[in-house]
Amino acid sequence: MIQGWREPDKTLPAHVADTFTTQDLEPFMARRDLPAPMASTRVLYMEERTGQEPDPCYLQEFDATILERGADFVILDQTLFYAEGGGQPDDHGVLRWPGGEAKVPRVTKEKGVVKHQVDRMPEADAIHGIVDWGRRYKHMRMHTSQHVMSGLVYRIYGARTAGNQIHSDVSRVDFQPANFTADDLKRIEAECNRVAEAGVDVRIFEEDRAVVHNKVEDRSLLDLIPQSIKRLRIIQVGDADYCPCGGTHLKNTREIGRVHILEKRSKGKETDRITYELLPP
Ligand SMILES: [Zn+2]
């Protein structure tokens with residue numbers, strides 16, 4: 001057991017903790033292609049990255065209106081909170097209204113509707129949301145480093161990412177088919193750190209599905225996205241990675257710091273699990 005390692009939350013469905021499914025692929029779709037019920041919560045960090053300041057993935061506060069109240073959750077018209085899924089934990093934070101504040105300890109998503117769990121029900125419909133930035137930024141560093149590792153391993157070894165789970169301290173990625181040697185691990189670590197040190201800009205943009213299909217080969221599970229979806233949200237990290245994704249990403253790989261691989265473990269079926277942490281540059 002590695003120090004700091006936490007097993008994935010057992011309350012999560014296995015597919016959320018371990019692999020991408022159609023549900024997890026939903027945020028990869030360009031917003032205009034989403035069926036109406038899936039567009040209920042506008043996710044503000046999903047905007048294309050066009051050099052705007054502040055960048056959508058770095059926004060920490062937002063105003064929103066409560067559309068619906070559950071027993072212990074609210075649905076907002078728009079949000080900056082990341083809902084758990086795709087191997088990334090949810091954002092935490094608070095919702096404020098004049099004279100009150102509710103903590104948000106859990107954020108989930110069902111068919112495009114983001115549910116913000118609250119420890120008390122807001123007394124007004126107009127609220128101001130604040131994301132726990134320390135937690136989110138660690139997840140952004142981990143998630144962006146995972147793109148770099150997944151992209152490089154696919155390019156060098158032809159091994160696809162079969163699953164991943166990031167945390168703020170330690171993360172893991174499952175590669176298949178793979179049987180890495182100690183030298184392979186050294187090379188993967190060195191190549192990741194080469195990209196981190198180079199300070200590569202992370203691009204976020206929408207692209208036609210046909211174009212994406214020609215570029216990604218089988219790096220991602222493109223076939224799981226319904227054929228009706230014609231535009232995809234793409235993350236590109238220089239020549240290290242190009243992949244449809246709906247997550248939160250750093251602006252530049254320099255912010256990753258240094259990738260330090262802790263161990264490799266065989267998970268059978270030609271699957272190797274790499275566990276790593278991030279250190280200061
Ligand atoms: Zn991503």
# chains A, B, ... in the order shown; residues from 1 in each chain; ligands from 1
$ residues_near_ligand --ligand "ligand 1" --cutoff "7 Å" --atoms "only C-alpha atoms and all ligand atoms" --output "list in words"
His143, Thr144, His147, Ile235, Cys245, Gly246, Gly247, Thr248 and His249 of chain A
$ write_last_selection --atoms "N, CA and C atoms" --output "PDB file, in the first residue's frame"
ATOM      1  N   HIS A 143      -5.084  15.590 -13.805  1.00  0.00           N
ATOM      2  CA  HIS A 143      -5.797  15.189 -15.024  1.00  0.00           C
ATOM      3  C   HIS A 143      -4.992  15.549 -16.273  1.00  0.00           C
ATOM      4  N   THR A 144      -4.374  16.736 -16.262  1.00  0.00           N
ATOM      5  CA  THR A 144      -3.589  17.143 -17.424  1.00  0.00           C
ATOM      6  C   THR A 144      -2.349  16.257 -17.571  1.00  0.00           C
ATOM      7  N   HIS A 147      -3.354  13.103 -19.264  1.00  0.00           N
ATOM      8  CA  HIS A 147      -3.427  13.240 -20.725  1.00  0.00           C
ATOM      9  C   HIS A 147      -2.055  13.022 -21.342  1.00  0.00           C
ATOM     10  N   ILE A 235      -9.018  18.094 -26.557  1.00  0.00           N
ATOM     11  CA  ILE A 235      -7.884  18.584 -25.770  1.00  0.00           C
ATOM     12  C   ILE A 235      -6.626  18.212 -26.544  1.00  0.00           C
ATOM     13  N   CYS A 245     -12.366  15.160 -24.703  1.00  0.00           N
ATOM     14  CA  CYS A 245     -12.473  15.133 -23.238  1.00  0.00           C
ATOM     15  C   CYS A 245     -13.339  16.284 -22.758  1.00  0.00           C
ATOM     16  N   GLY A 246     -14.080  16.040 -21.673  1.00  0.00           N
ATOM     17  CA  GLY A 246     -14.950  17.070 -21.118  1.00  0.00           C
ATOM     18  C   GLY A 246     -14.473  17.589 -19.782  1.00  0.00           C
ATOM     19  N   GLY A 247     -13.209  17.366 -19.451  1.00  0.00           N
ATOM     20  CA  GLY A 247     -12.728  17.689 -18.108  1.00  0.00           C
ATOM     21  C   GLY A 247     -12.168  19.095 -17.959  1.00  0.00           C
ATOM     22  N   THR A 248     -11.450  19.311 -16.855  1.00  0.00           N
ATOM     23  CA  THR A 248     -10.834  20.601 -16.538  1.00  0.00           C
ATOM     24  C   THR A 248      -9.326  20.471 -16.731  1.00  0.00           C
ATOM     25  N   HIS A 249      -8.731  21.427 -17.433  1.00  0.00           N
ATOM     26  CA  HIS A 249      -7.328  21.287 -17.838  1.00  0.00           C
ATOM     27  C   HIS A 249      -6.502  22.530 -17.570  1.00  0.00           C
TER      28      HIS A 249
END
$ select_by_dssp --residues "range 40-155 of chain A" --states "alpha helix (DSSP H)" --output "PyMOL selection string"
chain A and resi 133-155
$ write_last_selection --atoms "C-alpha atoms" --output "PDB file, in the first residue's frame"
ATOM      1  CA  TRP A 133      -9.850  25.954  -5.696  1.00  0.00           C
ATOM      2  CA  GLY A 134      -7.054  24.099  -3.870  1.00  0.00           C
ATOM      3  CA  ARG A 135      -8.795  20.791  -4.456  1.00  0.00           C
ATOM      4  CA  ARG A 136      -9.819  21.565  -8.047  1.00  0.00           C
ATOM      5  CA  TYR A 137      -6.358  22.819  -9.077  1.00  0.00           C
ATOM      6  CA  LYS A 138      -4.710  19.608  -7.822  1.00  0.00           C
ATOM      7  CA  HIS A 139      -7.200  17.630  -9.910  1.00  0.00           C
ATOM      8  CA  MET A 140      -6.440  19.810 -12.948  1.00  0.00           C
ATOM      9  CA  ARG A 141      -2.713  19.138 -12.552  1.00  0.00           C
ATOM     10  CA  MET A 142      -3.291  15.404 -12.184  1.00  0.00           C
ATOM     11  CA  HIS A 143      -5.797  15.189 -15.024  1.00  0.00           C
ATOM     12  CA  THR A 144      -3.589  17.143 -17.424  1.00  0.00           C
ATOM     13  CA  SER A 145      -0.569  15.000 -16.524  1.00  0.00           C
ATOM     14  CA  GLN A 146      -2.703  11.928 -17.202  1.00  0.00           C
ATOM     15  CA  HIS A 147      -3.427  13.240 -20.725  1.00  0.00           C
ATOM     16  CA  VAL A 148       0.314  13.600 -21.292  1.00  0.00           C
ATOM     17  CA  MET A 149       1.072  10.104 -19.980  1.00  0.00           C
ATOM     18  CA  SER A 150      -1.810   8.442 -21.852  1.00  0.00           C
ATOM     19  CA  GLY A 151      -0.943  10.207 -25.104  1.00  0.00           C
ATOM     20  CA  LEU A 152       2.776   9.439 -24.901  1.00  0.00           C
ATOM     21  CA  VAL A 153       2.295   5.792 -23.941  1.00  0.00           C
ATOM     22  CA  TYR A 154      -0.101   5.361 -26.852  1.00  0.00           C
ATOM     23  CA  ARG A 155       2.387   6.936 -29.246  1.00  0.00           C
TER      24      ARG A 155
END
$ closest_residue --among "A:Val170, A:Cys243, A:Ile188, A:Val259" --to "Val211 in chain A" --atoms "only C-alpha atoms"
A:Cys243
$ residues_around --residues "Tyr157 in chain A" --least-positions-apart "5" --cutoff "10 Å" --atoms "only C-alpha atoms" --output "ChimeraX atom specification"
/A:152,175-180,184,188
$ residues_around --residues "Arg120 in chain A" --least-positions-apart "5" --cutoff "10 Å" --atoms "only C-alpha atoms" --output "PyMOL selection string"
chain A and resi 71-73+95+100-104
$ residues_around --residues "Gly70 in chain A" --least-positions-apart "5" --cutoff "10 Å" --atoms "only C-alpha atoms" --output "JSON list (two decimals) with C-alpha atoms, in the first residue's frame"
[["chain", "number", "residue", "atom", "x", "y", "z"],
["A", 75, "ILE", "CA", -30.03, 21.94, -9.69],
["A", 115, "LYS", "CA", -26.78, 17.89, -8.82],
["A", 116, "HIS", "CA", -25.11, 19.95, -6.11],
["A", 117, "GLN", "CA", -25.55, 18.26, -2.74],
["A", 118, "VAL", "CA", -25.96, 20.87, 0.02],
["A", 121, "MET", "CA", -31.20, 24.28, 1.65]]
$ select_by_dssp --residues "range 55-216 of chain A" --states "strand (DSSP E)" --output "PyMOL selection string"
chain A and resi 61-69+73-76+78-79+93-97+100-104+106-110+113-117+126-131+160-165+170-176+202-208
$ residues_around --residues "Phe62 in chain A" --least-positions-apart "6" --cutoff "9 Å" --atoms "only C-alpha atoms" --output "count of residues only"
9
$ decode --residues "range 25-124 of chain A" --atoms "C-alpha atoms" --output "mmCIF file, in the first residue's frame"
data_model
loop_
_atom_site.group_PDB
_atom_site.id
_atom_site.type_symbol
_atom_site.label_atom_id
_atom_site.label_comp_id
_atom_site.auth_asym_id
_atom_site.auth_seq_id
_atom_site.Cartn_x
_atom_site.Cartn_y
_atom_site.Cartn_z
ATOM 1 C CA LEU A 25 -18.358 10.507 -22.911
ATOM 2 C CA GLU A 26 -21.335 12.836 -22.773
ATOM 3 C CA PRO A 27 -19.278 15.885 -21.753
ATOM 4 C CA PHE A 28 -16.953 15.342 -24.721
ATOM 5 C CA MET A 29 -19.744 16.382 -27.004
ATOM 6 C CA ALA A 30 -19.991 19.940 -28.201
ATOM 7 C CA ARG A 31 -22.825 21.631 -26.318
ATOM 8 C CA ARG A 32 -24.898 22.433 -29.391
ATOM 9 C CA ASP A 33 -25.110 18.689 -30.179
ATOM 10 C CA LEU A 34 -26.563 17.721 -26.817
ATOM 11 C CA PRO A 35 -30.232 16.710 -26.781
ATOM 12 C CA ALA A 36 -32.352 19.251 -24.910
ATOM 13 C CA PRO A 37 -32.692 17.375 -21.583
ATOM 14 C CA MET A 38 -28.896 16.991 -21.374
ATOM 15 C CA ALA A 39 -28.311 20.715 -21.721
ATOM 16 C CA SER A 40 -30.157 21.598 -18.517
ATOM 17 C CA THR A 41 -27.087 22.690 -16.592
ATOM 18 C CA ARG A 42 -24.735 24.956 -18.500
ATOM 19 C CA VAL A 43 -21.205 23.956 -17.530
ATOM 20 C CA LEU A 44 -19.146 27.121 -17.630
ATOM 21 C CA TYR A 45 -15.655 25.569 -17.769
ATOM 22 C CA MET A 46 -16.615 23.774 -21.010
ATOM 23 C CA GLU A 47 -16.139 26.888 -23.160
ATOM 24 C CA GLU A 48 -13.548 26.663 -25.915
ATOM 25 C CA ARG A 49 -10.167 28.062 -24.883
ATOM 26 C CA THR A 50 -9.637 31.217 -26.944
ATOM 27 C CA GLY A 51 -7.235 33.155 -24.726
ATOM 28 C CA GLN A 52 -10.015 34.713 -22.635
ATOM 29 C CA GLU A 53 -9.064 36.057 -19.170
ATOM 30 C CA PRO A 54 -9.749 34.473 -16.850
ATOM 31 C CA ASP A 55 -9.650 31.157 -18.655
ATOM 32 C CA PRO A 56 -12.913 29.145 -18.232
ATOM 33 C CA CYS A 57 -11.083 26.289 -16.428
ATOM 34 C CA TYR A 58 -9.591 28.798 -13.949
ATOM 35 C CA LEU A 59 -12.870 30.502 -12.981
ATOM 36 C CA GLN A 60 -13.531 29.949 -9.278
ATOM 37 C CA GLU A 61 -16.801 31.856 -8.682
ATOM 38 C CA PHE A 62 -20.080 32.176 -10.546
ATOM 39 C CA ASP A 63 -23.655 33.406 -10.213
ATOM 40 C CA ALA A 64 -26.541 31.030 -10.875
ATOM 41 C CA THR A 65 -30.234 30.465 -10.337
ATOM 42 C CA ILE A 66 -31.725 27.437 -8.638
ATOM 43 C CA LEU A 67 -33.991 25.595 -11.097
ATOM 44 C CA GLU A 68 -34.993 22.702 -8.865
ATOM 45 C CA ARG A 69 -34.642 21.611 -5.227
ATOM 46 C CA GLY A 70 -34.335 17.989 -4.101
ATOM 47 C CA ALA A 71 -34.277 16.646 -0.540
ATOM 48 C CA ASP A 72 -30.583 17.475 -0.143
ATOM 49 C CA PHE A 73 -29.504 18.897 -3.492
ATOM 50 C CA VAL A 74 -30.135 21.757 -5.895
ATOM 51 C CA ILE A 75 -30.026 21.937 -9.691
ATOM 52 C CA LEU A 76 -28.666 25.207 -11.071
ATOM 53 C CA ASP A 77 -29.050 26.816 -14.490
ATOM 54 C CA GLN A 78 -25.246 26.973 -14.759
ATOM 55 C CA THR A 79 -22.232 25.843 -12.755
ATOM 56 C CA LEU A 80 -18.447 25.693 -12.444
ATOM 57 C CA PHE A 81 -18.522 22.571 -10.248
ATOM 58 C CA TYR A 82 -17.067 19.434 -11.848
ATOM 59 C CA ALA A 83 -19.317 16.411 -11.264
ATOM 60 C CA GLU A 84 -17.575 13.119 -10.484
ATOM 61 C CA GLY A 85 -16.931 10.978 -13.543
ATOM 62 C CA GLY A 86 -14.328 10.009 -16.106
ATOM 63 C CA GLY A 87 -11.901 9.077 -13.333
ATOM 64 C CA GLN A 88 -11.876 12.554 -11.773
ATOM 65 C CA PRO A 89 -13.345 13.333 -8.334
ATOM 66 C CA ASP A 90 -16.009 16.010 -7.990
ATOM 67 C CA ASP A 91 -15.443 19.614 -6.969
ATOM 68 C CA HIS A 92 -16.430 20.796 -3.513
ATOM 69 C CA GLY A 93 -17.188 24.341 -2.374
ATOM 70 C CA VAL A 94 -20.025 26.572 -1.172
ATOM 71 C CA LEU A 95 -23.209 28.228 -2.406
ATOM 72 C CA ARG A 96 -23.945 31.657 -0.897
ATOM 73 C CA TRP A 97 -27.030 33.845 -0.797
ATOM 74 C CA PRO A 98 -27.674 37.088 1.115
ATOM 75 C CA GLY A 99 -27.368 36.091 4.777
ATOM 76 C CA GLY A 100 -26.518 32.412 4.304
ATOM 77 C CA GLU A 101 -24.165 29.776 2.997
ATOM 78 C CA ALA A 102 -24.418 26.045 2.234
ATOM 79 C CA LYS A 103 -21.491 23.673 1.878
ATOM 80 C CA VAL A 104 -21.345 21.527 -1.272
ATOM 81 C CA PRO A 105 -19.765 18.191 -0.246
ATOM 82 C CA ARG A 106 -20.672 16.200 -3.364
ATOM 83 C CA VAL A 107 -21.526 16.890 -6.996
ATOM 84 C CA THR A 108 -22.984 14.266 -9.323
ATOM 85 C CA LYS A 109 -24.385 14.265 -12.809
ATOM 86 C CA GLU A 110 -27.321 12.456 -14.387
ATOM 87 C CA LYS A 111 -28.111 12.874 -18.072
ATOM 88 C CA GLY A 112 -26.470 16.261 -18.250
ATOM 89 C CA VAL A 113 -28.105 17.585 -15.090
ATOM 90 C CA VAL A 114 -25.584 18.506 -12.393
ATOM 91 C CA LYS A 115 -26.783 17.886 -8.821
ATOM 92 C CA HIS A 116 -25.112 19.949 -6.112
ATOM 93 C CA GLN A 117 -25.550 18.263 -2.744
ATOM 94 C CA VAL A 118 -25.958 20.871 0.023
ATOM 95 C CA ASP A 119 -25.702 20.654 3.821
ATOM 96 C CA ARG A 120 -28.615 23.116 4.132
ATOM 97 C CA MET A 121 -31.197 24.283 1.649
ATOM 98 C CA PRO A 122 -30.492 27.776 0.240
ATOM 99 C CA GLU A 123 -33.110 30.345 1.236
ATOM 100 C CA ALA A 124 -32.915 32.244 -2.046
#
